[in-house]
Amino acid sequence: MAKPRDNRQKDLLRPALEDIIDLAHPLVRLAREIDWQFLDSRFASVCTSGPGQPPLPTRLVAGLFILKHMHDLSDEVLCARWLENPYYQFFCGELSFCHQLPFDRSSMTHWRQRLGEAQLVALIQESLSVAHKTGALATRDLERVVVDTTVQPKAIAHPTDARLCHRALEKLVDLAERNNVPLRQSYRRVAKRAAIMVGRYTHAHQFKRARRALKFLHAHQFKRARRALKFLRIRLGRVIRDIRRKIAGNDKLEQRFADLLALAYRVRFQDHRQRGPKVYALHAPEVECIGKGKARAPYEFGCKVSIATPATKPKGGQFVLHAKALHGTPFDGHTLGPVITELEQQTGVVTRRIHVDKGYRGHNHKEKFRVWISGQVRRVTKPIRREMRRRAAVEPVIGHTKAEHRMGRNYLKGRDGDRINAVLAAAGYNFGLLLRWLARLLRALFQALFTAVADAQPV
């Protein structure tokens with residue numbers, strides 16, 4: 001990997017960053033605590049030496065990912081903040097202040113795809129290592145853990161049959177125009193009108209005041225909604241068949257239309273009452289519908305994520321010990337064994353007690369007597385009962401990672417994007433705790449220093 005840039009030879013009169021920033025700032029202290037050589041050894045495995053432009057420095061790439069998810073910033077906002085914030089530049093390894101970005105915004109996308117989940121897990125490992133070195137996390141905190149699952153929603157609109165059919169028709173017509181495939185009729189205007197009317201007829205049924213008096217009217221509205229949806233599906237089917245006839249025999253066009261035609265065909269014939277996998281978004285066909293039993297959100301669209309935190313009370317806060325995206329809507333109990341195995345490999349500490357909720361009944365962990373399910377009565381002693389009361393401590397951790405560290409709405413593409421976003425959100429949450437922990441240590445140091453000076457002065 002490349003080393004941090006030192007452009008001070010070009011402008012010798014420009015001061016170093018260390019001369020213009022506060023070296024006691026928590027972000028500066030955090031940068032000095034992180035073992036950048038460890039991250040370099042992990043990230044360097046995806047880079048090969050050879051001709052071409054040298055890669056970006058490891059510290060720059062890792063620092064950008066940490067800052068992005070620690071402060072909940074988009075790629076564009078992060079580039080703007082990095083250019084005007086000297087602390088961000090020092091954290092990423094720059095030696096003098098940069099007035100131009102040494103990287104492009106798309107570089108972050110390329111590096112996320114290049115590193116993947118396997119290498120980005122090193123950020124979580126390093127955050128736990130820094131927490132252990134600074135006293136924010138003890139070894140005994142890794143022996144007793146709480147495991148729970150949540151939903152990582154995808155950045156999609158609420159799926160309805162009418163919306164999906166309309167979007168599939170629009171995308172097919174646009175792709176046909178870009179590839180000069182003449183269509184007999186595009187149905188743009190009538191399809192848009194039908195999609196609007198489906199929403200209107202369905203919405204009118206929701207505002208009912210007198211159920212008996214309006215029973216006939218509601219049934220009539222639903223008939224109209226079904227009729228408009230049928231009209232929309234018929235037009236989508238006509239466009240699909242028209243495109244298939246026009247591109248038949250052209251291998252290049254057939255390959256270009258294959259994925260979108262397959263999705264449009266599934267949208268054309270799927271029903272909201274059918275069982276099995278369905279298409280909920282054309283740009284993200286991997287999205288799954290997960291019901292968590294919440295009154296405010298009966299169904300969420302995304303993927304399931306497993307989160308593990310300490311069951312104790314670490315000094316620096318409830319760190320995320322492990323985070324992993326789970327596709328296929330698996331049963332929670334069937335995910336416990338692989339999750340604990342990966343957790344022990346990452347931390348190097350064998351877990352002695354694992355606290356889970358009742359959704360993990362019938363789990364597949366090989367050590368049955370190490371798992372404690374909420375509501376369990378047998379073999380429960382007073383220390384274990386105190387730890388079982390701490391099982392709910394994972395809930396605010398999940399809330400913070402969603403609300404403040406970009407797990408609440410995933411914008412990354414594909415299943416790989418789901419896995420990467422879960423890991424980076426957990427790492428950003430951990431480094432945010434470390435930032436506050438270092439600030440607390442600095443305040444405690446100054447307070448002790450002022451107290452000692454005051455006691456030393458004569459009365």
# chains A, B, ... in the order shown; residues from 1 in each chain; ligands from 1
$ residues_around --residues "Pro310 of chain A" --least-positions-apart "6" --cutoff "8 Å" --atoms "only C-alpha atoms" --output "list in words"
Asp141, Leu142, Glu143, Arg144, Val145, Val146, Gln318, Phe319, Val320 and Leu321 of chain A
$ write_last_selection --atoms "N, CA and C atoms" --output "PDB file, in the first residue's frame"
ATOM      1  N   ASP A 141     -15.453  -8.469  29.798  1.00  0.00           N
ATOM      2  CA  ASP A 141     -16.634  -7.989  29.073  1.00  0.00           C
ATOM      3  C   ASP A 141     -16.884  -8.785  27.795  1.00  0.00           C
ATOM      4  N   LEU A 142     -15.849  -9.464  27.286  1.00  0.00           N
ATOM      5  CA  LEU A 142     -15.992 -10.256  26.071  1.00  0.00           C
ATOM      6  C   LEU A 142     -16.473 -11.674  26.352  1.00  0.00           C
ATOM      7  N   GLU A 143     -16.486 -12.070  27.621  1.00  0.00           N
ATOM      8  CA  GLU A 143     -16.867 -13.440  27.973  1.00  0.00           C
ATOM      9  C   GLU A 143     -18.370 -13.592  28.139  1.00  0.00           C
ATOM     10  N   ARG A 144     -19.080 -12.507  28.406  1.00  0.00           N
ATOM     11  CA  ARG A 144     -20.532 -12.549  28.597  1.00  0.00           C
ATOM     12  C   ARG A 144     -21.165 -11.580  27.603  1.00  0.00           C
ATOM     13  N   VAL A 145     -21.919 -12.107  26.655  1.00  0.00           N
ATOM     14  CA  VAL A 145     -22.414 -11.299  25.545  1.00  0.00           C
ATOM     15  C   VAL A 145     -23.925 -11.444  25.425  1.00  0.00           C
ATOM     16  N   VAL A 146     -24.509 -10.465  24.761  1.00  0.00           N
ATOM     17  CA  VAL A 146     -25.931 -10.459  24.404  1.00  0.00           C
ATOM     18  C   VAL A 146     -26.021 -10.440  22.885  1.00  0.00           C
ATOM     19  N   GLN A 318     -21.487   0.422  25.751  1.00  0.00           N
ATOM     20  CA  GLN A 318     -21.851  -0.873  25.168  1.00  0.00           C
ATOM     21  C   GLN A 318     -21.308  -0.968  23.742  1.00  0.00           C
ATOM     22  N   PHE A 319     -20.122  -1.539  23.576  1.00  0.00           N
ATOM     23  CA  PHE A 319     -19.521  -1.685  22.259  1.00  0.00           C
ATOM     24  C   PHE A 319     -20.209  -2.813  21.486  1.00  0.00           C
ATOM     25  N   VAL A 320     -20.154  -2.701  20.174  1.00  0.00           N
ATOM     26  CA  VAL A 320     -20.633  -3.770  19.301  1.00  0.00           C
ATOM     27  C   VAL A 320     -19.472  -4.731  19.072  1.00  0.00           C
ATOM     28  N   LEU A 321     -19.630  -5.960  19.523  1.00  0.00           N
ATOM     29  CA  LEU A 321     -18.567  -6.955  19.391  1.00  0.00           C
ATOM     30  C   LEU A 321     -18.609  -7.672  18.053  1.00  0.00           C
TER      31      LEU A 321
END
$ residues_around --residues "Glu395 of chain A" --least-positions-apart "3" --cutoff "10 Å" --atoms "only C-alpha atoms" --output "list in words"
Asp148, Thr149, Thr150, Ile307, Thr309, Arg391, Ala392, Ile398, Gly399 and His400 of chain A
$ select_by_dssp --residues "segment 68-223 of chain A" --states "strand (DSSP E)" --output "list in words"
Arg144, Val145, Val146, Val147, Asp148, Thr149, Thr150, Val151, Gln152 and Pro153 of chain A
$ residues_around --residues "Val371 of chain A" --least-positions-apart "2" --cutoff "9 Å" --atoms "only C-alpha atoms" --output "VMD selection string"
chain A and resid 352 to 356 363 365 367 to 369 373
$ atom_distance --atom1 "atom CA of His25 of chain A" --atom2 "atom CA of Leu95 of chain A"
16.5 Å
$ select_by_dssp --residues "segment 126-374 of chain A" --states "alpha helix (DSSP H)" --output "MDAnalysis selection string"
chainID A and resid 126:133 161:178 188:204 215:247 251:269 332:347
